[in-house]
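Undergrad: Before I ask anything, let me first share the structure, which is written out below as structure tokens.
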Amino acid sequence: MSAFGLKKLTVEYLRGCTVPFVLPFEKGKKMMVVYGENAAGKSTICDAFEFIGKGKVGSLENRGLGKTTAYWPSVGRNASEVAVTLENTDDSSCRACILKGEVVAHPPAARPQVEVLRRSQILALVEAKPADRYTAICRFIDVSGIEASETALRQAIRDLAANRENAAARVSGNMEAITQFWEAAGRAGSDPMSWADTETKRDLNAADAEVAALGRVQNAYSRLIDYPSRLTAATERLTQATQIAAAEERKVQQCVQTIAADAAEVMALLQAGRAWLQKHPSPDSCPLCESAEKVAGLDQRLAQRLNSFAGLQTAQNRTKAAAAAVQQAEQQLAAVQDDACKDAQAFEQARAAFNWPADIPMPASPPVDVQAIPAWLAKYPNLSAQWRSAEATRQDKKQFLATLRQTRQTYLDNLRAHKELSALLPRLEQALKAVEEERRAFTDSVLARIAGEVGRLYERVHPGEGLNHISLELDPKRKASLDIGAQFCGGKSAPPQAYFSESHLDTLGLCVFLALATLDGPENTVLVLDDVLASMDEPHVERLVEVLYAEAVKFRHCLITTHSRPWKDNPRWGWLKNGHCQFIELDKWAAQQGMKLKRSLPDAEPLGHPLPQPA
Amino acid sequence: MERLVRENLITAEVAKRLHPKLAEGKLAPEDWRLAIELADRKEASP
């Protein structure tokens with residue numbers, strides 16, 4: 001929906017406005033020509049539109065002033081007094097003023113969209129560096145989001161290509177490993193993979209029962225091989241105990257022989273004699289036989305005879321202990337025999353519980369008699385080593401099978417990943433191609449539309465001069481770089497500034513500006529052209545006025561300032577036959593009165609006011 | 001996006017979901033991969 005028409009622009013203390021200035025707009029007219037001699041205030045009106053629309057004053061830029069804010073207020077005024085108010089035909093309005101060095105519009109939503117082209121800027125787009133030209137135009141061809149998404153797509157393609165390469169390398173490595181396994185296994189089957197397929201179908205735990213049974217046999221066997229030494233030890237212990245018992249018995253017999261009959265009475269007599277001798281240590285005669293013949297050493301002899309009785313007792317005790325030891329040794333030997341019988345049965349049970357393959361040697365049933373076990377063991381030497389070897393072979397095979405299975409699975413996974421990536425990559429590349437083409441097509445179409453519009457406008461100002469083949473092209477070798485070209489005398493496209501005259505370049509610059517402004521919501525845009533046609537001769541100016549007049553209807557409003565005399569006379573001469581142009585003439589500027597309108601309404605219009613209106 | 005759907009590179013549903021991200025430049029490499037994989041899977045099992 002287009003914005004409402006303009007009703008009135010009020011400028012307060014901005015630049016040349018030393019007193020408030022009101023610019024009225026005629027209802028129904030979309031174009032205004034502001035004529036005035038130099039320094040009448042034309043540019044201040046343009047500044048006012050730029051102030052309210054863009055928050056800046058462009059006429060002061062690029063003059064070496066640095067920050068120009070200090071020069072915005074009229075002489076003797078300060079920034080807080082500067083204001084521009086634009087009233088619309090629907091009685092809405094927007095007022096802009098300076099707050100803390102910034103231009104603030106209120107209400108912000110009512111801020112008008114303004115495009116200003118000044119004389120000093122007219123060649124900016126034509127003569128600009130390609131990058132600056134791109135910057136000026138990029139908002140119409142802004143595909144940065146698409147480009148970022150394209151970059152992500154390219155990254156996805158790079159990632160996938162790298163992944164595919166890695167998968168291919170892994171597939172090759174896995175195949176090499178499987179081939180090595182195949183060769184180690186004797187190159188069975190037609191090729192490594194079919195062999196691996198067959199091998200990995202085998203039951204990984206097939207030998208587990210065999211290994212467990214072999215473990216049980218080994219346990220039982222390890223107990224049996226102890227029996228020869230256990231039997232020898234038990235037998236030796238019994239022999240030794242028997243010998244000790246016989247020796248002790250002989251000692252008892254000797255003691256008995258040295259002791260007289262009636263030993264108890266004799267011992268009592270001897271003990272009484274010793275007691276008497278304690279009281280009479282040096283008797284003259286024996287107290288029992290009264291003989292003095294053997295009285296010397298009597299006490300010692302009594303003591304010896306008493307000792308011989310004690311030795312008998314000790315010998316008897318040791319004989320009993322030796323007999324007990326013999327009994328214990330006999331029991332131990334019997335226990336060894338019992339254990340051997342049980343362990344032989346256990347071994348037989350473990351041995352008979354499994355159908356042993358040829359590479360696992362098995363002895364005949366073991367004897368239950370422990371005495372026969374050493375001979376049985378001697379008959380089958382190295383059984384343990386053979387069994388350990390058989391067990392290790394089975395464990396190795398299991399491990400080999402597990403490794404082969406894992407390698408084959410990894411190979412298949414990598415092969416599948418490689419196939420998937422190989423299928424996916426072309427699709428991603430196709431997507432990238434589509435996105436790139438669509439983006440380029442969009443950009444090219446926008447640029448072609450702009451270039452076409454520039455050419456159309458240019459041809460209307462310079463008809464038949466053959467300079468209308470304008471082109472705008474993005475430089476494919478540089479990012480954000482836009483070239484402008486034009487055909488001259490049917491030759492190849494070249495930069496227009498190389499061959500065009502100054503006035504032709506001015507027209508081209510204006511046409512580029514108009515074409516861009518037309519793209520960006522013209523129905524909401526107030527177009528301001530500040531003294532842009534100074535270099536043109538009269539016939540071209542006439543045609544340009546017609547062009548601007550025709551184009552102005554597309555915009556919310558079009559305001560043109562000029563000091564060129566023909567522009568003042570054109571409305572009178574009837575060039576603008578459709579009557580949609582409002583002509584404004586500014587009087588000479590003076591500091592006390594500021595800017596002042598000399599003429600704003602058609603000459604005939606004031607005459608009509610006194611006449612009565614028809615009923 | 002219309003062309004990508006037309007060329008069976010992505011599904012219409014995914015295109016609808018991805019369109020705002022595409023314009024804002026917020027599509028990640030993984031988004032592209034998943035979108036095209038999904039279309040492949042759909043094509044494989046209609």
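Labels for the structure tokens follow display order: chains A, B, ..., residues from 1 in each chain, ligands from 1.
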Residues of chain A that approach chain B to 9 Å or less, counting only C-alpha atoms: could you list each one with the shortest pair of atoms and its distance in Å to one decimal, rows by chain and increasing residue number, as JSON lines?
TA:
{"residue": "A:Val143", "atom": "CA", "partner": "B:Ala23", "partner_atom": "CA", "distance": 7.8}
{"residue": "A:Ser144", "atom": "CA", "partner": "B:Gly25", "partner_atom": "CA", "distance": 7.1}
{"residue": "A:Gly145", "atom": "CA", "partner": "B:Gly25", "partner_atom": "CA", "distance": 3.7}
{"residue": "A:Ile146", "atom": "CA", "partner": "B:Ala23", "partner_atom": "CA", "distance": 5.4}
{"residue": "A:Glu147", "atom": "CA", "partner": "B:Gly25", "partner_atom": "CA", "distance": 7.0}
{"residue": "A:Ala148", "atom": "CA", "partner": "B:Gly25", "partner_atom": "CA", "distance": 4.7}
{"residue": "A:Ser149", "atom": "CA", "partner": "B:Gly25", "partner_atom": "CA", "distance": 4.7}
{"residue": "A:Glu150", "atom": "CA", "partner": "B:Gly25", "partner_atom": "CA", "distance": 8.2}
{"residue": "A:Thr151", "atom": "CA", "partner": "B:Pro29", "partner_atom": "CA", "distance": 8.4}
{"residue": "A:Ala152", "atom": "CA", "partner": "B:Pro29", "partner_atom": "CA", "distance": 4.7}
{"residue": "A:Leu153", "atom": "CA", "partner": "B:Pro29", "partner_atom": "CA", "distance": 5.4}
{"residue": "A:Arg154", "atom": "CA", "partner": "B:Pro29", "partner_atom": "CA", "distance": 7.8}
{"residue": "A:Gln155", "atom": "CA", "partner": "B:Pro29", "partner_atom": "CA", "distance": 6.0}
{"residue": "A:Ala156", "atom": "CA", "partner": "B:Pro29", "partner_atom": "CA", "distance": 4.4}
{"residue": "A:Ile157", "atom": "CA", "partner": "B:Pro29", "partner_atom": "CA", "distance": 8.1}
{"residue": "A:Asp159", "atom": "CA", "partner": "B:Pro29", "partner_atom": "CA", "distance": 8.5}
{"residue": "A:Leu160", "atom": "CA", "partner": "B:Arg33", "partner_atom": "CA", "distance": 8.8}
{"residue": "A:Leu424", "atom": "CA", "partner": "B:Glu37", "partner_atom": "CA", "distance": 7.1}
{"residue": "A:Arg427", "atom": "CA", "partner": "B:Leu9", "partner_atom": "CA", "distance": 6.7}
{"residue": "A:Leu428", "atom": "CA", "partner": "B:Ile36", "partner_atom": "CA", "distance": 7.1}
{"residue": "A:Gln430", "atom": "CA", "partner": "B:Leu9", "partner_atom": "CA", "distance": 8.1}
{"residue": "A:Ala431", "atom": "CA", "partner": "B:Leu4", "partner_atom": "CA", "distance": 6.4}
{"residue": "A:Ala434", "atom": "CA", "partner": "B:Leu4", "partner_atom": "CA", "distance": 7.0}
{"residue": "A:Val435", "atom": "CA", "partner": "B:Leu4", "partner_atom": "CA", "distance": 8.0}
{"residue": "A:Glu438", "atom": "CA", "partner": "B:Arg3", "partner_atom": "CA", "distance": 8.4}
Undergrad: Where in segment 459-546 of chain A does DSSP assign strand (DSSP E or B), given as a PDB file with C-alpha atoms, in the first residue's frame?
TA:
ATOM      1  CA  ILE A 470      24.085  -0.943 -20.264  1.00  0.00           C
ATOM      2  CA  SER A 471      25.290  -4.003 -18.388  1.00  0.00           C
ATOM      3  CA  LEU A 472      25.876  -4.705 -14.714  1.00  0.00           C
ATOM      4  CA  GLU A 473      27.904  -7.790 -13.991  1.00  0.00           C
ATOM      5  CA  LEU A 474      29.306  -9.312 -10.823  1.00  0.00           C
ATOM      6  CA  LEU A 482      30.255  -5.096  -9.559  1.00  0.00           C
ATOM      7  CA  ASP A 483      31.296  -3.933 -13.016  1.00  0.00           C
ATOM      8  CA  ILE A 484      29.312  -1.517 -15.140  1.00  0.00           C
ATOM      9  CA  GLY A 485      29.639  -1.545 -18.906  1.00  0.00           C
ATOM     10  CA  ALA A 486      28.105   0.099 -21.946  1.00  0.00           C
ATOM     11  CA  ALA A 494      33.517  -0.997 -21.915  1.00  0.00           C
ATOM     12  CA  THR A 525       9.857   6.846  -1.358  1.00  0.00           C
ATOM     13  CA  VAL A 526      10.287  10.596  -1.528  1.00  0.00           C
ATOM     14  CA  LEU A 527      12.795  11.144  -4.330  1.00  0.00           C
ATOM     15  CA  VAL A 528      14.972  14.237  -3.972  1.00  0.00           C
ATOM     16  CA  LEU A 529      17.210  15.381  -6.851  1.00  0.00           C
ATOM     17  CA  ASP A 530      19.374  18.311  -5.855  1.00  0.00           C
TER      18      ASP A 530
END
Undergrad: If you run DSSP on the backbone here, which positions in segment 13-186 of chain A get alpha helix (DSSP H)? Please write them as a PyMOL selection string.
TA: chain A and resi 42-54+124-127+130-137+144-184
Undergrad: Just want the 12 Å neighbourhood of Tyr458 of chain A, counted on only C-alpha atoms, with same-chain residues fewer than 2 positions away dropped. Output as a PyMOL selection string.
TA: chain A and resi 450-456+460-470+486+503-515+540+543-544+547-548
Undergrad: For Ala323 of chain A, list every protein, DNA or RNA residue within 8 Å, evaluated using only C-alpha atoms, and leave out those in the same chain fewer than 4 positions away; present the list as a list in words.
TA: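 What passes the distance filter is Ala241, Thr242, Ala245, Thr319 and Gln327 of chain A.
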Undergrad: Which residues are near Cys17 of chain A? Cut-off 9 Å, only C-alpha atoms, ignore same chain within fewer than 5 positions. Put them as number ranges by chain.
TA: A: 11-12, 41, 44, 73-74, 591, 593-595
Undergrad: For the selection you just gave me, I'd like the residues written to a file as a compact mmCIF listing (two decimals), in the first residue's frame, keeping C-alpha atoms.
TA:
# COMPACT_ATOMS: atom_id res chain seq x y z
CA VAL A 11 11.88 23.35 8.62
CA GLU A 12 13.12 25.02 11.82
CA GLY A 41 18.03 27.57 0.14
CA THR A 44 18.45 23.21 2.71
CA PRO A 73 21.85 24.38 13.11
CA SER A 74 21.39 27.82 11.55
CA ALA A 591 19.83 36.20 7.29
CA GLN A 593 14.13 36.60 6.77
CA GLY A 594 15.80 33.26 6.02
CA MET A 595 14.32 31.23 3.17
Undergrad: Give me, as a ChimeraX atom specification, all polymer residues having an atom no more than 6 Å from Gly53 of chain A, counting only C-alpha atoms and skipping those fewer than 4 positions away in the same chain.
TA: /A:49,112-114
Undergrad: Provide the atom CA of Ala378 of chain A to atom CA of Ile225 of chain A distance in Å, to one decimal place.
TA: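 A separation of 9.8 Å between them.
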Undergrad: Using only C-alpha atoms, which protein or nucleic acid residues come within 9 Å of segment 255-257 of chain A? Drop anything in the same chain fewer than 2 positions from it, and give the result as an MDAnalysis selection string.
TA: chainID A and resid 250:253 259:260 308:309 311:313 315
Undergrad: Restricted to N, CA and C atoms, what would the selected residues look like written as a PDB file, in the first residue's frame?
TA:
ATOM      1  N   ARG A 250      62.873-103.815  72.738  1.00  0.00           N
ATOM      2  CA  ARG A 250      64.118-104.440  73.191  1.00  0.00           C
ATOM      3  C   ARG A 250      64.654-103.732  74.436  1.00  0.00           C
ATOM      4  N   LYS A 251      64.561-102.427  74.488  1.00  0.00           N
ATOM      5  CA  LYS A 251      65.035-101.683  75.662  1.00  0.00           C
ATOM      6  C   LYS A 251      64.239-102.058  76.904  1.00  0.00           C
ATOM      7  N   VAL A 252      62.971-102.276  76.767  1.00  0.00           N
ATOM      8  CA  VAL A 252      62.138-102.661  77.918  1.00  0.00           C
ATOM      9  C   VAL A 252      62.618-104.006  78.468  1.00  0.00           C
ATOM     10  N   GLN A 253      62.908-104.940  77.517  1.00  0.00           N
ATOM     11  CA  GLN A 253      63.346-106.274  77.935  1.00  0.00           C
ATOM     12  C   GLN A 253      64.659-106.185  78.722  1.00  0.00           C
ATOM     13  N   ILE A 259      66.285-105.830  86.716  1.00  0.00           N
ATOM     14  CA  ILE A 259      65.524-105.565  87.947  1.00  0.00           C
ATOM     15  C   ILE A 259      65.100-106.903  88.566  1.00  0.00           C
ATOM     16  N   ALA A 260      65.304-107.095  89.969  1.00  0.00           N
ATOM     17  CA  ALA A 260      64.982-108.342  90.650  1.00  0.00           C
ATOM     18  C   ALA A 260      63.493-108.482  90.868  1.00  0.00           C
ATOM     19  N   SER A 308      67.454 -97.575  88.284  1.00  0.00           N
ATOM     20  CA  SER A 308      67.158 -98.647  87.336  1.00  0.00           C
ATOM     21  C   SER A 308      65.643 -98.917  87.270  1.00  0.00           C
ATOM     22  N   PHE A 309      64.938 -98.697  88.280  1.00  0.00           N
ATOM     23  CA  PHE A 309      63.464 -98.835  88.264  1.00  0.00           C
ATOM     24  C   PHE A 309      62.842 -97.730  87.395  1.00  0.00           C
ATOM     25  N   GLY A 311      64.154 -96.130  84.775  1.00  0.00           N
ATOM     26  CA  GLY A 311      64.474 -96.392  83.356  1.00  0.00           C
ATOM     27  C   GLY A 311      63.479 -97.360  82.746  1.00  0.00           C
ATOM     28  N   LEU A 312      63.041 -98.359  83.510  1.00  0.00           N
ATOM     29  CA  LEU A 312      62.051 -99.308  83.011  1.00  0.00           C
ATOM     30  C   LEU A 312      60.747 -98.598  82.650  1.00  0.00           C
ATOM     31  N   GLN A 313      60.359 -97.721  83.551  1.00  0.00           N
ATOM     32  CA  GLN A 313      59.095 -96.996  83.332  1.00  0.00           C
ATOM     33  C   GLN A 313      59.161 -96.155  82.049  1.00  0.00           C
ATOM     34  N   ALA A 315      61.136 -96.611  79.484  1.00  0.00           N
ATOM     35  CA  ALA A 315      61.204 -97.491  78.317  1.00  0.00           C
ATOM     36  C   ALA A 315      59.823 -97.998  77.951  1.00  0.00           C
TER      37      ALA A 315
END
